[in-house]
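Have a look at coords26.txt; it's compact mmCIF, C-alpha atoms:
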```txt
# COMPACT_ATOMS: atom_id res chain seq x y z
CA MET J 1 0.00 0.00 0.00
CA ALA J 2 2.91 2.32 0.76
CA LEU J 3 4.15 1.85 -2.81
CA LEU J 4 0.75 2.12 -4.50
CA THR J 5 -0.10 5.56 -3.05
CA PRO J 6 2.88 7.39 -4.65
CA LEU J 7 2.31 5.47 -7.88
CA PHE J 8 -1.35 6.51 -8.14
CA ALA J 9 -0.43 10.10 -7.24
CA PHE J 10 2.20 10.14 -9.98
CA LEU J 11 -0.22 8.75 -12.58
CA TYR J 12 -2.86 11.32 -11.54
CA HIS J 13 -0.46 14.23 -12.05
CA LEU J 14 1.27 12.76 -15.10
CA PRO J 15 -0.36 15.15 -17.64
CA GLN J 16 0.77 18.16 -15.60
CA VAL J 17 4.28 16.72 -15.27
CA TYR J 18 4.45 16.27 -19.05
CA LYS J 19 3.29 19.84 -19.63
CA TRP J 20 5.94 21.16 -17.24
CA LEU J 21 8.80 19.03 -18.58
CA LEU J 22 8.11 19.51 -22.30
CA LYS J 23 10.11 22.71 -22.52
CA PRO J 24 13.29 23.18 -24.60
CA TYR J 25 15.52 23.60 -21.53
CA TYR J 26 14.39 20.40 -19.82
CA VAL J 27 14.29 18.42 -23.06
CA ALA J 28 17.86 19.42 -23.93
CA SER J 29 19.10 18.66 -20.40
CA LEU J 30 17.43 15.25 -20.40
CA PHE J 31 18.87 14.43 -23.84
CA MET J 32 22.42 15.36 -22.77
CA SER J 33 22.13 13.31 -19.56
CA VAL J 34 20.88 10.22 -21.37
CA ALA J 35 23.52 10.68 -24.08
CA PHE J 36 26.32 10.73 -21.49
CA LEU J 37 25.06 7.53 -19.86
CA ALA J 38 24.61 5.82 -23.23
CA VAL J 39 28.12 6.73 -24.45
CA ARG J 40 29.74 5.66 -21.16
CA LYS J 41 28.00 2.25 -21.18
CA THR J 42 27.96 1.40 -24.92
CA PRO J 43 30.60 -1.19 -25.86
CA GLY J 44 32.84 -0.16 -28.71
CA ILE J 45 32.40 3.54 -27.91
CA CYS J 46 33.29 3.62 -24.23
CA ASP J 47 36.55 1.77 -24.98
CA HIS J 48 37.99 4.93 -26.49
CA LEU J 49 37.02 7.23 -23.58
CA ALA J 50 39.46 8.46 -20.96
CA SER J 51 39.06 7.13 -17.42
CA GLN J 52 40.71 7.68 -14.04
CA ARG J 53 39.75 4.26 -12.66
CA GLU J 54 42.56 2.17 -11.19
CA ASP J 55 41.53 -0.89 -13.18
CA GLY J 56 41.49 1.13 -16.40
CA ASN J 57 37.92 0.12 -17.25
CA SER J 58 36.69 3.04 -19.36
CA CYS J 59 33.17 1.56 -19.66
CA ASP J 60 32.36 2.27 -16.01
CA PHE J 61 32.14 5.48 -13.95
CA ASP J 62 35.24 6.67 -12.14
CA TRP J 63 35.18 8.27 -8.69
CA ARG J 64 35.00 11.82 -10.09
CA GLU J 65 31.94 11.09 -12.22
CA VAL J 66 30.21 9.31 -9.32
CA GLU J 67 30.69 12.35 -7.09
CA ILE J 68 29.32 14.66 -9.78
CA LEU J 69 26.24 12.47 -10.32
CA MET J 70 25.56 12.27 -6.57
CA PHE J 71 25.92 16.05 -6.22
CA LEU J 72 23.55 16.73 -9.12
CA SER J 73 21.02 14.24 -7.73
CA ALA J 74 21.03 16.02 -4.36
CA ILE J 75 20.53 19.41 -6.04
CA VAL J 76 17.60 18.11 -8.10
CA MET J 77 15.94 16.60 -5.03
CA MET J 78 16.33 19.83 -3.04
CA LYS J 79 14.94 21.97 -5.86
CA ASN J 80 11.94 19.69 -6.37
CA ARG J 81 11.16 18.79 -2.77
CA ARG J 82 7.76 20.51 -3.01
CA ALA J 83 6.81 18.41 -6.03
CA MET J 84 7.98 15.24 -4.25
CA PHE J 85 5.89 16.14 -1.19
CA LEU J 86 2.91 16.73 -3.48
CA MET J 87 3.11 13.26 -4.97
CA THR J 88 3.47 11.44 -1.62
CA CYS J 89 1.64 13.55 1.02
CA LYS J 90 -1.16 15.31 -0.81
CA PRO J 91 -3.82 16.66 1.62
CA PRO J 92 -7.47 15.61 1.12
CA LEU J 93 -9.84 17.76 -0.90
CA TYR J 94 -12.20 20.06 1.03
CA MET J 95 -15.83 19.03 0.54
CA GLY J 96 -17.58 21.23 3.14
CA PRO J 97 -20.06 24.14 2.79
CA GLU J 98 -19.00 27.43 1.22
CA TYR J 99 -20.34 30.59 -0.45
CA ILE J 100 -17.80 30.75 -3.28
CA LYS J 101 -18.30 31.34 -7.00
CA TYR J 102 -15.93 29.43 -9.28
CA PHE J 103 -14.69 31.32 -12.33
CA SER J 104 -13.36 30.20 -15.68
CA ASP J 105 -11.16 32.09 -18.13
CA LYS J 106 -14.32 33.34 -19.89
CA THR J 107 -16.36 34.43 -16.86
CA ILE J 108 -13.91 36.03 -14.42
CA ASP J 109 -13.61 39.40 -16.16
CA ASP J 110 -17.37 39.72 -16.72
CA GLU J 111 -18.18 38.96 -13.09
CA LEU J 112 -15.57 41.35 -11.68
CA ASN J 113 -16.82 44.21 -13.86
CA LYS J 114 -20.54 43.38 -13.65
CA ASP J 115 -21.31 45.66 -10.69
CA SER J 116 -18.81 48.31 -9.58
CA ARG J 117 -20.38 48.43 -6.09
CA VAL J 118 -19.53 44.80 -5.35
CA THR J 119 -16.17 43.95 -3.74
CA TRP J 120 -14.64 40.63 -4.75
CA ILE J 121 -12.01 38.54 -2.96
CA VAL J 122 -10.66 36.00 -5.44
CA GLU J 123 -8.38 33.09 -4.70
CA PHE J 124 -6.04 31.99 -7.48
CA PHE J 125 -5.27 28.33 -6.79
CA ALA J 126 -4.16 25.06 -8.37
CA ASN J 127 -5.49 21.63 -7.48
CA TRP J 128 -2.00 20.09 -7.44
CA SER J 129 -0.74 22.57 -4.81
CA PRO J 130 -0.83 21.19 -1.22
CA GLU J 131 -0.82 24.76 0.16
CA CYS J 132 -3.99 25.56 -1.80
CA GLN J 133 -5.75 22.44 -0.57
CA SER J 134 -4.79 23.16 3.04
CA PHE J 135 -6.12 26.71 2.68
CA ALA J 136 -9.46 25.60 1.15
CA SER J 137 -11.20 25.08 4.50
CA VAL J 138 -10.02 28.47 5.85
CA TYR J 139 -11.25 30.28 2.75
CA ALA J 140 -14.60 28.45 2.89
CA ASP J 141 -15.12 29.51 6.53
CA LEU J 142 -14.41 33.14 5.62
CA SER J 143 -16.97 32.99 2.82
CA LEU J 144 -19.60 31.64 5.23
CA LYS J 145 -18.97 34.47 7.72
CA TYR J 146 -18.56 37.47 5.42
CA ASN J 147 -20.37 36.74 2.16
CA CYS J 148 -23.21 39.17 1.27
CA SER J 149 -24.54 40.96 -1.79
CA GLY J 150 -21.82 43.62 -1.59
CA LEU J 151 -18.88 41.37 -0.63
CA LYS J 152 -18.41 38.16 -2.58
CA PHE J 153 -15.83 35.39 -2.69
CA GLY J 154 -14.54 33.70 -5.83
CA LYS J 155 -11.99 31.11 -6.93
CA VAL J 156 -10.27 30.32 -10.22
CA ASP J 157 -8.09 27.30 -10.98
CA ILE J 158 -5.08 28.78 -12.76
CA GLY J 159 -3.60 25.31 -13.10
CA ARG J 160 -6.47 24.63 -15.48
CA TYR J 161 -6.81 28.10 -17.04
CA GLY J 162 -3.27 29.15 -17.90
CA GLU J 163 -4.33 32.37 -19.61
CA VAL J 164 -5.79 33.65 -16.33
CA SER J 165 -2.46 33.14 -14.54
CA LYS J 166 -0.68 35.20 -17.20
CA ARG J 167 -3.36 37.90 -17.19
CA TYR J 168 -3.25 38.37 -13.42
CA LYS J 169 0.50 37.63 -13.08
CA VAL J 170 0.31 34.62 -10.77
CA SER J 171 3.06 32.07 -11.32
CA THR J 172 2.07 28.39 -11.56
CA SER J 173 5.59 27.01 -11.24
CA PRO J 174 5.97 24.17 -8.69
CA LEU J 175 8.79 26.20 -7.14
CA SER J 176 6.71 29.37 -6.91
CA LYS J 177 5.45 30.67 -3.57
CA GLN J 178 2.50 32.55 -5.14
CA LEU J 179 0.01 29.72 -4.59
CA PRO J 180 -2.47 30.40 -3.25
CA SER J 181 -2.87 34.12 -4.03
CA LEU J 182 -5.69 36.27 -2.65
CA VAL J 183 -6.58 39.38 -4.64
CA LEU J 184 -9.05 42.09 -3.58
CA PHE J 185 -11.01 43.69 -6.46
CA GLN J 186 -13.12 46.84 -6.19
CA GLY J 187 -14.84 48.18 -9.25
CA GLY J 188 -13.21 45.45 -11.31
CA LYS J 189 -9.69 46.68 -10.44
CA GLU J 190 -7.09 45.07 -8.21
CA VAL J 191 -6.63 46.89 -4.89
CA MET J 192 -4.29 44.54 -3.02
CA ARG J 193 -3.01 40.98 -3.03
CA ARG J 194 -1.34 38.53 -0.70
CA PRO J 195 1.34 37.34 -0.93
CA GLN J 196 2.95 40.46 -2.32
CA VAL J 197 5.41 40.19 -5.21
CA ASP J 198 8.63 42.21 -5.17
CA LYS J 199 10.28 43.92 -8.13
CA LYS J 200 12.15 40.74 -9.05
CA GLY J 201 8.91 38.78 -9.29
CA ARG J 202 9.48 36.84 -6.06
CA ALA J 203 6.64 36.31 -3.59
CA VAL J 204 7.09 37.71 -0.10
CA SER J 205 6.48 35.05 2.54
CA TRP J 206 3.04 35.40 4.16
CA SER J 207 0.96 33.17 6.45
CA PHE J 208 -2.55 32.33 5.17
CA THR J 209 -4.29 32.20 8.54
CA GLU J 210 -7.84 33.43 9.14
CA GLU J 211 -6.63 36.16 11.51
CA ASN J 212 -4.10 37.50 8.99
CA ILE J 213 -6.66 37.63 6.21
CA ILE J 214 -9.28 39.41 8.34
CA ARG J 215 -6.71 41.99 9.46
CA GLU J 216 -4.93 42.58 6.14
CA PHE J 217 -8.09 42.78 4.02
CA ASN J 218 -10.15 44.68 6.63
CA LEU J 219 -12.95 42.14 6.28
CA ASN J 220 -14.94 43.45 9.24
CA GLU J 221 -15.02 46.98 7.79
CA LEU J 222 -15.75 45.71 4.29
CA TYR J 223 -18.57 43.56 5.62
CA GLN J 224 -20.23 46.50 7.42
CA LYS J 225 -20.05 48.68 4.29
CA SER J 226 -21.42 45.84 2.19
CA LYS J 227 -24.35 45.36 4.57
CA LYS J 228 -25.25 49.06 4.15
CA LEU J 229 -25.17 48.57 0.40
CA SER J 230 -27.54 45.62 0.76
CA ARG J 231 -29.96 47.66 2.87
CA ASN J 232 -29.89 50.52 0.37
CA LYS J 233 -30.75 48.11 -2.44
CA ALA J 234 -33.60 46.68 -0.39
CA GLU J 235 -35.00 50.14 0.35
CA LYS J 236 -34.95 51.08 -3.31
CA LEU J 237 -36.91 47.95 -4.13
CA SER J 238 -39.44 48.27 -1.25
CA PRO J 239 -43.15 48.27 -2.21
CA SER J 240 -43.68 51.79 -0.83
CA GLN J 241 -41.40 53.19 -3.52
CA PHE J 242 -43.51 51.93 -6.38
CA PRO J 243 -46.53 53.96 -7.61
CA PRO J 244 -49.93 52.40 -6.84
CA VAL J 245 -51.36 50.21 -9.54
CA PRO J 246 -54.54 51.78 -10.91
CA GLU J 247 -57.63 49.66 -10.40
CA GLU J 248 -59.78 48.73 -13.34
CA GLU J 249 -62.80 51.01 -13.68
CA GLU J 250 -66.13 49.25 -13.65
CA GLU J 251 -68.71 50.16 -16.24
CA PRO J 252 -71.52 52.25 -14.68
CA GLU J 253 -74.80 50.41 -14.22
CA GLN J 254 -77.81 51.76 -16.01
CA PRO J 255 -80.66 53.05 -13.86
CA GLU J 256 -83.66 50.78 -13.39
CA ALA J 257 -85.93 53.32 -15.07
CA ASP J 258 -84.01 53.06 -18.31
CA ALA J 259 -84.17 49.29 -18.13
CA GLU J 260 -88.01 49.35 -17.74
CA SER J 261 -88.44 51.79 -20.63
CA LYS J 262 -86.48 49.44 -22.85
CA LYS J 263 -88.81 46.58 -21.92
CA ASP J 264 -91.89 48.67 -22.81
CA LYS J 265 -90.49 49.43 -26.20
```
As structure tokens, what does this structure read like?
Amino acid sequence: MALLTPLFAFLYHLPQVYKWLLKPYYVASLFMSVAFLAVRKTPGICDHLASQREDGNSCDFDWREVEILMFLSAIVMMKNRRAMFLMTCKPPLYMGPEYIKYFSDKTIDDELNKDSRVTWIVEFFANWSPECQSFASVYADLSLKYNCSGLKFGKVDIGRYGEVSKRYKVSTSPLSKQLPSLVLFQGGKEVMRRPQVDKKGRAVSWSFTEENIIREFNLNELYQKSKKLSRNKAEKLSPSQFPPVPEEEEEPEQPEADAESKKDK
């Protein structure tokens, strides 16, 4: 069972791994690595290579090459430790209640600009990110506490919609620290985001706790303003504001005298 879990996780994320690795840099690096191993182990070719082994066997790795390979392996493991953690210790998906609207690449801009009086808090996330999955329950609780007609919560999967990540400048790299990203929109324009990104495009470390989000985004103040907006909308639509509907006029009844004169005729 301990071996099947990483295997199933790897197969589940295999399309995303292919998409990430199929870049010229990684393809060229992989080709050069395989070519070195093939040349060193191929009989007839490795016989003509130089070697520092004591036995003079040029078709096997010498001590210098072994050290280099071990050093490179350690560097690769350190650089990709987040991806390794993802494949072995992925947190469970959140399936609880929430007041969150999920956007696509075609709906996010329309919803943000639909009503300039509505404030949006949008989470940019990716399903393969363990940080995003751990934050899902916190974000859902915030939506249950603060959602109203003037303050709404949204989410968009930038791992699925790559154009949205480029449009809103949120990196989807496995080594990036921008996932998840919370962005506050007012009038369809970005007001603030967490984590912040410095001039070099690096995310500033920030803790996604409920207390930090309430404090940084002033959720209590935003909620009070949004409640006033809701009351104003309700007052405008109250029945007292509408003009009375005119009643249908009944046709006047003819006097009885006229009715009797008609009978005589």
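The smallest atom-to-atom distance between Thr172 (chain J) and any of J:Ile214, J:Ala126, J:Ile68, J:Ile45, using only C-alpha atoms, is found for J:Ala126.
Across the structure, CA of Asp198 (chain J) and CA of Pro174 (chain J) are spaced 18.6 Å apart.
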Extract, using only C-alpha atoms, all DNA, RNA and protein residues at most 8 Å from region 143-160 of chain J, discarding same-chain residues fewer than 5 positions from it, and format them as a ChimeraX atom specification. /J:97-104,108,117-128,165,172,219-220,222-223,225-227,229-230
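Near Leu49 (chain J), within 9 Å and counting all atoms listed in the file, sit Val39, Arg40, Ser58 and Cys59 of chain J; same-chain residues fewer than 6 positions away were not included.
Distance check against Val204 (chain J) using all atoms listed in the file: of J:Ser129, J:Ser181, J:Gln186, J:Val191, the minimum falls on J:Ser181.
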For CA of Asn218 (chain J) and CA of Leu93 (chain J), quote the distance in Å rounded to one decimal. 28.0 Å
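CA of Val138 (chain J) sits 10.8 Å away from CA of Gly96 (chain J).
Proximity ranking of J:Lys189, J:Lys177, J:His48, J:Lys166 relative to Asn113 (chain J) places J:Lys189 first, based on all atoms listed in the file.
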Restricting the calculation to only C-alpha atoms, which member of J:Glu65, J:Leu142, J:Asp60, J:Val164 is positioned closest to Lys106 (chain J)? J:Val164
So that I can check the surroundings of Lys114 (chain J), please list as a compact mmCIF listing (two decimals) with C-alpha atoms, keeping the file's coordinate frame every protein, DNA and RNA residue that reaches within 9 Å of it, counting only C-alpha atoms and ignoring chain neighbours fewer than 4 positions away.
```txt
# COMPACT_ATOMS: atom_id res chain seq x y z
CA ASP J 109 -13.61 39.40 -16.16
CA ASP J 110 -17.37 39.72 -16.72
CA VAL J 118 -19.53 44.80 -5.35
CA GLY J 187 -14.84 48.18 -9.25
CA GLY J 188 -13.21 45.45 -11.31
```
For Phe135 (chain J), which of J:Val27, J:Ala74, J:Val66, J:Ile213 is the closest residue, counting only C-alpha atoms? J:Ile213
Specify the axis-aligned box that encloses all atoms of region 197-208 of chain J listed in the file after padding of 8 Å on each side, stating its centre and edge lengths in Å to one decimal as lines of an AutoDock Vina configuration file.
```
center_x = 4.8
center_y = 38.1
center_z = -1.4
size_x = 30.7
size_y = 27.6
size_z = 31.7
```
